[in-house]
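Peer 1: What follows is final_34.txt, made up of compact mmCIF, C-alpha atoms:
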# COMPACT_ATOMS: atom_id res chain seq x y z
CA MET A 29 -130.08 -138.90 -87.04
CA GLU A 30 -127.42 -136.23 -87.63
CA HIS A 31 -130.06 -133.51 -88.14
CA PHE A 32 -132.10 -134.36 -85.06
CA THR A 33 -132.93 -131.10 -83.19
CA PRO A 34 -134.88 -132.19 -80.09
CA TRP A 35 -134.68 -128.96 -78.05
CA SER A 36 -135.79 -126.51 -80.72
CA ALA A 37 -138.50 -129.01 -81.72
CA LEU A 38 -139.87 -129.10 -78.16
CA ALA A 39 -139.58 -125.33 -77.69
CA GLY A 40 -141.22 -124.58 -81.04
CA GLY A 41 -143.96 -127.10 -80.39
CA ALA A 42 -144.66 -125.54 -76.98
CA LEU A 43 -144.99 -122.10 -78.63
CA ILE A 44 -147.42 -123.53 -81.20
CA GLY A 45 -149.48 -124.92 -78.32
CA ALA A 46 -149.27 -121.57 -76.52
CA GLY A 47 -150.53 -119.73 -79.62
CA ALA A 48 -153.44 -122.16 -79.94
CA THR A 49 -154.29 -121.76 -76.24
CA LEU A 50 -154.16 -117.98 -76.53
CA LEU A 51 -156.61 -117.90 -79.44
CA TYR A 52 -159.06 -120.17 -77.58
CA TRP A 53 -158.71 -118.22 -74.33
CA LEU A 54 -159.19 -114.78 -75.93
CA ASN A 55 -161.49 -115.42 -78.90
CA GLY A 56 -162.88 -118.89 -78.15
CA ARG A 57 -161.60 -120.07 -81.54
CA ILE A 58 -159.76 -123.24 -82.44
CA ALA A 59 -156.41 -122.53 -84.13
CA GLY A 60 -156.95 -124.66 -87.21
CA VAL A 61 -155.06 -122.84 -89.92
CA SER A 62 -156.85 -124.39 -92.93
CA GLY A 63 -160.22 -123.54 -91.38
CA ILE A 64 -159.16 -120.00 -90.51
CA CYS A 65 -157.73 -119.52 -94.01
CA GLY A 66 -160.65 -121.22 -95.81
CA GLY A 67 -163.07 -118.89 -94.03
CA LEU A 68 -161.31 -115.98 -95.74
CA LEU A 69 -162.52 -117.09 -99.17
CA THR A 70 -166.09 -116.08 -98.37
CA TRP A 71 -166.72 -112.76 -96.70
CA ALA A 72 -168.93 -112.90 -93.61
CA ARG A 73 -169.67 -109.85 -91.52
CA GLY A 74 -167.80 -109.91 -88.20
CA ASP A 75 -166.05 -113.17 -89.08
CA THR A 76 -163.39 -112.10 -91.55
CA ALA A 77 -161.10 -109.60 -89.81
CA TRP A 78 -159.81 -111.88 -87.04
CA ARG A 79 -159.01 -114.58 -89.62
CA ALA A 80 -156.98 -112.18 -91.73
CA TRP A 81 -155.15 -110.87 -88.67
CA PHE A 82 -154.28 -114.38 -87.51
CA VAL A 83 -152.67 -115.05 -90.90
CA VAL A 84 -150.83 -111.71 -90.70
CA GLY A 85 -149.62 -112.83 -87.26
CA LEU A 86 -148.26 -116.09 -88.66
CA VAL A 87 -146.25 -114.23 -91.31
CA LEU A 88 -145.16 -111.54 -88.84
CA GLY A 89 -144.06 -114.09 -86.20
CA THR A 90 -141.92 -116.03 -88.63
CA GLY A 91 -140.69 -112.81 -90.28
CA LEU A 92 -139.55 -111.28 -86.98
CA TYR A 93 -137.88 -114.52 -85.94
CA ALA A 94 -136.04 -114.70 -89.26
CA ALA A 95 -135.07 -111.00 -89.01
CA SER A 96 -133.59 -111.64 -85.55
CA GLY A 97 -131.08 -113.91 -87.23
CA ALA A 98 -132.12 -116.94 -85.18
CA LEU A 99 -133.39 -119.01 -88.10
CA ALA A 100 -131.54 -122.35 -88.05
CA PHE A 101 -131.95 -123.01 -91.77
CA GLU A 102 -131.73 -121.42 -95.20
CA PRO A 103 -135.30 -121.19 -96.60
CA ARG A 104 -135.72 -123.62 -99.48
CA ASP A 105 -136.56 -122.20 -102.89
CA GLY A 106 -136.62 -124.01 -106.20
CA TRP A 107 -138.76 -127.07 -105.58
CA PRO A 108 -139.87 -128.40 -109.00
CA LEU A 109 -143.02 -126.63 -110.18
CA ALA A 110 -145.21 -129.64 -111.00
CA PRO A 111 -145.12 -131.30 -107.58
CA LEU A 112 -145.29 -127.86 -105.91
CA LEU A 113 -148.51 -126.90 -107.73
CA ALA A 114 -150.06 -130.33 -107.21
CA ALA A 115 -149.07 -130.22 -103.53
CA GLY A 116 -150.65 -126.82 -102.95
CA PHE A 117 -153.87 -127.75 -104.70
CA LEU A 118 -154.20 -131.08 -102.86
CA VAL A 119 -153.42 -129.49 -99.48
CA GLY A 120 -156.06 -126.80 -100.07
CA PHE A 121 -158.71 -129.15 -101.44
CA GLY A 122 -158.03 -131.95 -98.95
CA THR A 123 -157.96 -129.83 -95.80
CA ARG A 124 -161.31 -128.21 -96.68
CA LEU A 125 -162.89 -131.56 -97.58
CA GLY A 126 -161.52 -133.17 -94.40
CA SER A 127 -162.27 -130.13 -92.21
CA GLY A 128 -158.75 -129.64 -90.92
CA CYS A 129 -155.00 -129.92 -91.20
CA THR A 130 -151.95 -130.49 -88.99
CA SER A 131 -152.97 -127.74 -86.57
CA GLY A 132 -156.76 -128.20 -86.43
CA HIS A 133 -156.81 -132.00 -86.34
CA GLY A 134 -153.21 -132.88 -85.41
CA VAL A 135 -152.77 -130.44 -82.54
CA CYS A 136 -156.07 -128.89 -81.34
CA GLY A 137 -158.36 -131.80 -82.27
CA LEU A 138 -156.16 -134.44 -80.63
CA ALA A 139 -155.70 -132.15 -77.62
CA ARG A 140 -159.50 -132.04 -77.28
CA GLY A 141 -159.72 -135.83 -77.52
CA SER A 142 -161.68 -135.81 -80.81
CA ARG A 143 -162.12 -139.21 -82.49
CA ARG A 144 -162.57 -137.49 -85.86
CA SER A 145 -159.26 -135.70 -85.48
CA LEU A 146 -157.50 -138.93 -84.49
CA ALA A 147 -158.83 -140.66 -87.62
CA ALA A 148 -157.85 -137.71 -89.80
CA THR A 149 -154.36 -137.41 -88.25
CA VAL A 150 -153.57 -141.11 -88.68
CA THR A 151 -154.76 -140.85 -92.31
CA PHE A 152 -152.81 -137.74 -93.33
CA MET A 153 -149.68 -138.93 -91.52
CA ALA A 154 -149.82 -142.28 -93.32
CA ALA A 155 -150.48 -140.62 -96.69
CA GLY A 156 -147.70 -138.09 -96.08
CA VAL A 157 -145.14 -140.73 -95.10
CA LEU A 158 -146.07 -142.95 -98.05
CA THR A 159 -145.95 -140.10 -100.58
CA ALA A 160 -142.72 -138.57 -99.28
CA THR A 161 -140.95 -141.92 -98.98
CA LEU A 162 -141.91 -143.05 -102.48
CA LEU A 163 -141.57 -139.76 -104.36
CA THR A 164 -138.94 -137.55 -102.64
CA PRO A 165 -136.08 -139.37 -104.41
CA LEU A 166 -137.63 -138.26 -107.73
CA TRP A 167 -137.42 -134.56 -106.87
CA VAL A 168 -134.04 -134.52 -105.14
CA GLY A 169 -132.47 -136.94 -107.57
CA GLY A 170 -131.39 -139.30 -104.80
CA MET B 12 -158.95 -102.61 -85.13
CA ARG B 13 -161.22 -104.78 -82.99
CA MET B 14 -159.92 -106.46 -79.86
CA THR B 15 -160.59 -109.90 -81.36
CA SER B 16 -158.40 -108.92 -84.33
CA LEU B 17 -155.58 -107.84 -82.04
CA ALA B 18 -155.95 -111.10 -80.11
CA ALA B 19 -155.82 -113.10 -83.34
CA LEU B 20 -152.74 -111.16 -84.47
CA LEU B 21 -150.97 -111.91 -81.19
CA SER B 22 -151.97 -115.60 -81.17
CA GLY B 23 -150.92 -115.93 -84.80
CA ALA B 24 -147.57 -114.30 -84.08
CA VAL B 25 -146.80 -116.67 -81.17
CA PHE B 26 -147.88 -119.58 -83.38
CA GLY B 27 -145.75 -118.24 -86.23
CA VAL B 28 -142.62 -117.89 -84.09
CA GLY B 29 -143.21 -121.46 -82.86
CA LEU B 30 -143.45 -122.79 -86.42
CA SER B 31 -140.04 -121.37 -87.28
CA VAL B 32 -138.34 -122.26 -83.97
CA ALA B 33 -139.56 -125.82 -84.58
CA GLN B 34 -138.44 -125.60 -88.26
CA MET B 35 -141.91 -126.55 -89.50
CA THR B 36 -141.38 -123.72 -92.00
CA ASN B 37 -138.41 -125.66 -93.37
CA PRO B 38 -140.00 -128.07 -95.88
CA ALA B 39 -136.72 -129.97 -96.25
CA LYS B 40 -136.88 -130.76 -92.53
CA VAL B 41 -140.53 -131.81 -92.81
CA LEU B 42 -139.71 -134.14 -95.72
CA ALA B 43 -136.79 -135.59 -93.75
CA PHE B 44 -139.39 -136.64 -91.18
CA LEU B 45 -142.00 -137.92 -93.65
CA ASP B 46 -139.47 -139.70 -95.88
CA VAL B 47 -138.58 -142.73 -93.79
CA GLY B 48 -136.48 -144.15 -96.62
CA GLY B 49 -133.71 -141.55 -96.32
CA ALA B 50 -131.75 -140.17 -93.36
CA TRP B 51 -134.76 -140.06 -91.06
CA ASP B 52 -135.14 -137.04 -88.78
CA PRO B 53 -137.60 -137.63 -85.90
CA SER B 54 -137.66 -133.95 -84.77
CA LEU B 55 -141.20 -133.27 -85.95
CA ALA B 56 -142.57 -135.99 -83.70
CA LEU B 57 -141.30 -133.91 -80.78
CA VAL B 58 -142.87 -130.77 -82.23
CA MET B 59 -146.23 -132.56 -82.32
CA LEU B 60 -145.70 -133.97 -78.82
CA ALA B 61 -144.90 -130.58 -77.26
CA ALA B 62 -147.66 -128.75 -79.16
CA LEU B 63 -150.15 -131.42 -78.18
CA THR B 64 -149.14 -131.43 -74.50
CA VAL B 65 -149.28 -127.64 -74.13
CA SER B 66 -152.58 -127.27 -76.01
CA ALA B 67 -154.19 -130.22 -74.18
CA LEU B 68 -153.38 -128.52 -70.87
CA GLY B 69 -154.20 -125.04 -72.18
CA LEU B 70 -157.50 -125.90 -73.88
CA ARG B 71 -158.64 -127.85 -70.84
CA LEU B 72 -157.79 -124.98 -68.49
CA VAL B 73 -159.49 -122.42 -70.74
CA GLY B 74 -162.47 -124.66 -71.50
CA GLY B 75 -163.33 -124.73 -67.81
CA ARG B 76 -164.09 -121.00 -67.94
CA PRO B 77 -167.67 -119.84 -68.66
CA ALA B 78 -166.65 -117.91 -71.80
CA PRO B 79 -163.61 -116.63 -73.67
CA LEU B 80 -162.35 -113.16 -72.69
CA LEU B 81 -163.36 -111.35 -75.89
CA ALA B 82 -166.24 -113.39 -77.32
CA PRO B 83 -169.62 -114.50 -75.99
CA THR B 84 -169.05 -118.25 -76.48
CA PHE B 85 -166.45 -120.87 -77.37
CA SER B 86 -166.71 -122.11 -80.95
CA ALA B 87 -165.33 -125.62 -81.08
CA PRO B 88 -166.44 -128.37 -83.47
CA SER B 89 -168.74 -130.95 -81.89
CA ARG B 90 -169.11 -133.59 -84.64
CA ARG B 91 -168.20 -137.18 -83.74
CA ASP B 92 -168.89 -139.10 -86.96
CA ILE B 93 -166.09 -140.43 -89.12
CA ASP B 94 -167.15 -140.27 -92.76
CA GLY B 95 -165.70 -140.52 -96.26
CA ARG B 96 -165.18 -136.79 -96.57
CA LEU B 97 -163.04 -136.71 -93.44
CA ILE B 98 -160.87 -139.66 -94.44
CA GLY B 99 -160.73 -138.81 -98.16
CA GLY B 100 -159.88 -135.20 -97.43
CA ALA B 101 -157.18 -136.18 -94.93
CA ALA B 102 -155.69 -138.61 -97.47
CA LEU B 103 -155.55 -135.97 -100.23
CA PHE B 104 -154.04 -133.49 -97.77
CA GLY B 105 -151.42 -136.05 -96.70
CA ILE B 106 -150.42 -136.71 -100.31
CA GLY B 107 -150.05 -132.98 -100.91
CA TRP B 108 -148.04 -132.58 -97.70
CA GLY B 109 -145.68 -135.38 -98.76
CA LEU B 110 -145.21 -133.91 -102.25
CA ALA B 111 -143.54 -130.69 -101.09
CA GLY B 112 -143.30 -130.61 -97.29
CA TYR B 113 -145.73 -127.73 -96.67
CA CYS B 114 -148.93 -127.86 -94.64
CA PRO B 115 -151.17 -124.76 -94.42
CA GLY B 116 -149.75 -122.95 -91.34
CA PRO B 117 -146.08 -123.25 -92.25
CA ALA B 118 -146.80 -122.40 -95.90
CA LEU B 119 -148.49 -119.14 -94.92
CA ALA B 120 -145.75 -118.35 -92.39
CA ALA B 121 -143.09 -119.05 -95.05
CA LEU B 122 -144.48 -116.15 -97.09
CA ALA B 123 -142.28 -114.10 -94.76
CA PHE B 124 -139.20 -115.54 -96.48
CA GLY B 125 -140.32 -114.09 -99.81
CA THR B 126 -139.43 -117.26 -101.67
CA ARG B 127 -141.11 -117.98 -104.99
CA GLU B 128 -142.04 -121.50 -103.93
CA ALA B 129 -143.93 -120.38 -100.81
CA LEU B 130 -145.89 -117.91 -102.95
CA VAL B 131 -146.68 -120.51 -105.63
CA PHE B 132 -147.68 -123.08 -103.01
CA VAL B 133 -150.02 -120.68 -101.18
CA ALA B 134 -151.63 -119.59 -104.47
CA ALA B 135 -152.23 -123.24 -105.44
CA MET B 136 -153.53 -123.96 -101.93
CA ALA B 137 -156.03 -121.09 -102.16
CA ALA B 138 -157.15 -122.44 -105.54
CA GLY B 139 -157.65 -125.90 -104.01
CA MET B 140 -159.65 -124.47 -101.12
CA TRP B 141 -161.79 -122.46 -103.53
CA ALA B 142 -162.30 -125.48 -105.82
CA GLN B 143 -163.49 -127.62 -102.91
CA GLY B 144 -166.05 -125.00 -101.92
CA ALA B 145 -167.17 -124.54 -105.53
CA LEU B 146 -167.56 -128.30 -106.01
CA ASP B 147 -169.64 -128.51 -102.83
CA ARG B 148 -171.90 -125.70 -104.01
CA TRP B 149 -172.27 -127.30 -107.46
CA ILE B 150 -173.19 -130.70 -105.97
CA GLY B 151 -175.61 -129.00 -103.58
CA ALA B 152 -177.31 -127.10 -106.42
CA ARG B 153 -177.64 -130.27 -108.55
CA ARG B 154 -179.12 -132.18 -105.63
CA GLU B 155 -181.63 -129.41 -105.04
CA ALA B 156 -182.53 -129.33 -108.74
CA ALA B 157 -182.98 -133.13 -108.79
CA MET B 158 -185.33 -132.93 -105.85
CA GLY B 159 -187.34 -130.36 -107.84
With the file now loaded, output its structure as structure tokens.
Peer 2:
Amino acid sequence: MEHFTPWSALAGGALIGAGATLLYWLNGRIAGVSGICGGLLTWARGDTAWRAWFVVGLVLGTGLYAASGALAFEPRDGWPLAPLLAAGFLVGFGTRLGSGCTSGHGVCGLARGSRRSLAATVTFMAAGVLTATLLTPLWVGG
Amino acid sequence: MRMTSLAALLSGAVFGVGLSVAQMTNPAKVLAFLDVGGAWDPSLALVMLAALTVSALGLRLVGGRPAPLLAPTFSAPSRRDIDGRLIGGAALFGIGWGLAGYCPGPALAALAFGTREALVFVAAMAAGMWAQGALDRWIGARREAAMG
């Protein structure tokens, strides 16, 4: 438990919730990142710009925070290529097939009391824990 | 720039700061939570708890209004059925999440760090999203052809 960071976790989580609330309040949209991002792959009149700007906001928010010098970690670089590529592909394919990810199902969906999101969240959490617990020692040579 | 774009930029930026304050953009931290076999770090459970609490309150408060400020209606999913696509997709996503420690939001936000791995991950993620859509269209076209 030496790396436990409860206060920044709560503060960061509250900001994530605030961002999701803001998007729903202003645009009436659910802040599901995989859905917002997936919608960018097909151009639809009047439905593309806000998606792109939300993604720009994500990058800008993290970029400004990092530039302020407040980042509490050194960004990781150098994860082995094979698991990295497989991970990206599975995350992209799976979130589109399952209509959501950590934000859409895990935060907004659960917040709205959706049974679908509860089922999805339990499933991806279990799969994530199982995969990371079994395979992480392979990549970090533990 | 439309008002809805500005609103999305602002919401995304708040979300993006939150992801990095919470260290969701630190895949090592995410894996330390998902890997229960090592030195387990429960921080991400608190991220979820706080995000969930604030958005449950926020979405409820906002949902009581007749309409959003900048759009004619709220667009929230209304499906209630739990099917194979939902569970299968969530399982594949979970496996991918556990393989590297990135989920979609943090991966996109991590592009700000300019690391090679964030770029490679996001490219592979876009390919996966595209492949899922292409597969759906292919299956749909075959089904239509079979029905003559």
Peer 1: I'd like the interatomic distance between atom CA of Gly67 of chain A and atom CA of Leu146 of chain A, to a tenth of an Å.
Peer 2: 22.9 Å
Peer 1: When you count only C-alpha atoms, which of these residues is closest to Ala24 of chain B: A:Phe32, A:Trp81, A:Trp71, A:Trp167?
Peer 2: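 Smallest separation from Ala24 of chain B among the options: A:Trp81.
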Peer 1: Neighbours of Thr161 of chain A within 10 Å (all atoms listed in the file; same-chain residues fewer than 4 positions away dropped), as a list in words?
Peer 2: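 Listing them by chain and then by number gives Ala155, Gly156, Val157 and Pro165 of chain A; Leu42, Ala43, Phe44, Leu45, Asp46, Val47, Gly48, Gly49, Gly109 and Leu110 of chain B.
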Peer 1: From the list A:Leu99, A:Leu86, A:Val150, A:Leu158, which residue is nearest chain B when using all atoms listed in the file?
Peer 2: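 Among the listed residues, A:Leu86 lies closest to chain B.
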Peer 1: How many Å lie between atom CA of Ala82 of chain B and atom CA of Arg57 of chain A, rounded to one decimal?
Peer 2: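 Between atom CA of Ala82 of chain B and atom CA of Arg57 of chain A the gap works out to 9.2 Å.
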Peer 1: Which is closer to Gly116 of chain A than all the others in B:Val58, B:Val32, B:Met158, B:Ala137, using only C-alpha atoms?
Peer 2: B:Ala137
Peer 1: Quick one, how far is atom CA of Ala61 of chain B from atom CA of Ala33 of chain B?
Peer 2: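 Rounded to one decimal, the two atoms are 10.2 Å apart.
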Peer 1: Just give me the residues with any atom within 9 Å of (-156.2, -112.3, -91.9), file coordinates, counting all atoms listed in the file, written as a list in words.
Peer 2: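 Those residues, ordered by chain and then number, are Ile64, Cys65, Leu68, Thr76, Ala77, Trp78, Arg79, Ala80, Trp81, Phe82, Val83, Val84 and Gly85 of chain A; Ser16, Ala19 and Leu20 of chain B.
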Peer 1: Counting only C-alpha atoms, which of A:Cys136, A:Ala98, A:Leu113, A:Leu43 gets nearest to Ala59 of chain A?
Peer 2: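 The shortest atom-to-atom distance to Ala59 of chain A comes from A:Cys136.
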Peer 1: Can you list, as a list in words, every protein, DNA or RNA residue that comes within 8 Å of Arg91 of chain B when you count all atoms listed in the file, leaving out same-chain residues fewer than 2 positions away?
Peer 2: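 Everything that qualifies: Ser142, Arg143 and Arg144 of chain A; Ser89 and Ile93 of chain B.
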Peer 1: May I have the selected residues written with C-alpha atoms, as a compact mmCIF listing (two decimals), in the frame of the given file?
Peer 2:
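Dumped to out_10.txt:
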# COMPACT_ATOMS: atom_id res chain seq x y z
CA SER A 142 -161.68 -135.81 -80.81
CA ARG A 143 -162.12 -139.21 -82.49
CA ARG A 144 -162.57 -137.49 -85.86
CA SER B 89 -168.74 -130.95 -81.89
CA ILE B 93 -166.09 -140.43 -89.12
Peer 1: Quick one: what's the axis-aligned box for segment 89-104 of chain A, all listed atoms, 4 Å on every side, centre and edges in Å to one decimal, as lines of an AutoDock Vina configuration file?
Peer 2:
center_x = -137.6
center_y = -117.3
center_z = -92.3
size_x = 21.0
size_y = 20.6
size_z = 22.3
Peer 1: Mind writing segment 120-168 of chain A to a file for me, with C-alpha atoms, as a PDB file, in the first residue's frame?
Peer 2:
ATOM      1  CA  GLY A 120     -10.876  -0.276 -29.543  1.00  0.00           C
ATOM      2  CA  PHE A 121     -12.748  -3.340 -30.797  1.00  0.00           C
ATOM      3  CA  GLY A 122     -14.203  -4.290 -27.410  1.00  0.00           C
ATOM      4  CA  THR A 123     -15.443  -0.843 -26.407  1.00  0.00           C
ATOM      5  CA  ARG A 124     -17.282  -0.411 -29.727  1.00  0.00           C
ATOM      6  CA  LEU A 125     -18.771  -3.911 -29.560  1.00  0.00           C
ATOM      7  CA  GLY A 126     -19.797  -3.410 -25.918  1.00  0.00           C
ATOM      8  CA  SER A 127     -20.971   0.189 -26.463  1.00  0.00           C
ATOM      9  CA  GLY A 128     -18.763   1.766 -23.827  1.00  0.00           C
ATOM     10  CA  CYS A 129     -15.668   1.909 -21.676  1.00  0.00           C
ATOM     11  CA  THR A 130     -14.587   3.005 -18.195  1.00  0.00           C
ATOM     12  CA  SER A 131     -16.162   6.450 -18.604  1.00  0.00           C
ATOM     13  CA  GLY A 132     -19.368   5.606 -20.501  1.00  0.00           C
ATOM     14  CA  HIS A 133     -20.287   2.458 -18.574  1.00  0.00           C
ATOM     15  CA  GLY A 134     -18.114   2.703 -15.443  1.00  0.00           C
ATOM     16  CA  VAL A 135     -18.842   6.320 -14.558  1.00  0.00           C
ATOM     17  CA  CYS A 136     -21.814   7.789 -16.484  1.00  0.00           C
ATOM     18  CA  GLY A 137     -23.756   4.546 -16.962  1.00  0.00           C
ATOM     19  CA  LEU A 138     -23.486   3.498 -13.320  1.00  0.00           C
ATOM     20  CA  ALA A 139     -24.304   7.062 -12.259  1.00  0.00           C
ATOM     21  CA  ARG A 140     -27.514   6.803 -14.306  1.00  0.00           C
ATOM     22  CA  GLY A 141     -28.377   3.464 -12.708  1.00  0.00           C
ATOM     23  CA  SER A 142     -28.098   1.488 -15.970  1.00  0.00           C
ATOM     24  CA  ARG A 143     -28.247  -2.316 -15.617  1.00  0.00           C
ATOM     25  CA  ARG A 144     -26.357  -2.700 -18.897  1.00  0.00           C
ATOM     26  CA  SER A 145     -23.530  -0.540 -17.610  1.00  0.00           C
ATOM     27  CA  LEU A 146     -23.373  -2.486 -14.347  1.00  0.00           C
ATOM     28  CA  ALA A 147     -23.071  -5.772 -16.267  1.00  0.00           C
ATOM     29  CA  ALA A 148     -20.417  -4.294 -18.563  1.00  0.00           C
ATOM     30  CA  THR A 149     -18.429  -2.748 -15.687  1.00  0.00           C
ATOM     31  CA  VAL A 150     -18.362  -5.973 -13.663  1.00  0.00           C
ATOM     32  CA  THR A 151     -17.226  -7.822 -16.811  1.00  0.00           C
ATOM     33  CA  PHE A 152     -14.415  -5.475 -17.879  1.00  0.00           C
ATOM     34  CA  MET A 153     -13.189  -5.088 -14.297  1.00  0.00           C
ATOM     35  CA  ALA A 154     -13.015  -8.872 -13.864  1.00  0.00           C
ATOM     36  CA  ALA A 155     -11.306  -9.334 -17.244  1.00  0.00           C
ATOM     37  CA  GLY A 156      -8.870  -6.503 -16.484  1.00  0.00           C
ATOM     38  CA  VAL A 157      -7.941  -7.856 -13.050  1.00  0.00           C
ATOM     39  CA  LEU A 158      -7.522 -11.389 -14.381  1.00  0.00           C
ATOM     40  CA  THR A 159      -5.391 -10.305 -17.354  1.00  0.00           C
ATOM     41  CA  ALA A 160      -3.197  -7.894 -15.394  1.00  0.00           C
ATOM     42  CA  THR A 161      -2.682 -10.304 -12.505  1.00  0.00           C
ATOM     43  CA  LEU A 162      -1.736 -13.229 -14.749  1.00  0.00           C
ATOM     44  CA  LEU A 163       0.304 -11.394 -17.394  1.00  0.00           C
ATOM     45  CA  THR A 164       1.921  -8.278 -15.855  1.00  0.00           C
ATOM     46  CA  PRO A 165       4.809 -10.338 -14.413  1.00  0.00           C
ATOM     47  CA  LEU A 166       5.662 -11.363 -18.007  1.00  0.00           C
ATOM     48  CA  TRP A 167       6.153  -7.771 -19.174  1.00  0.00           C
ATOM     49  CA  VAL A 168       7.899  -6.363 -16.108  1.00  0.00           C
TER      50      VAL A 168
END
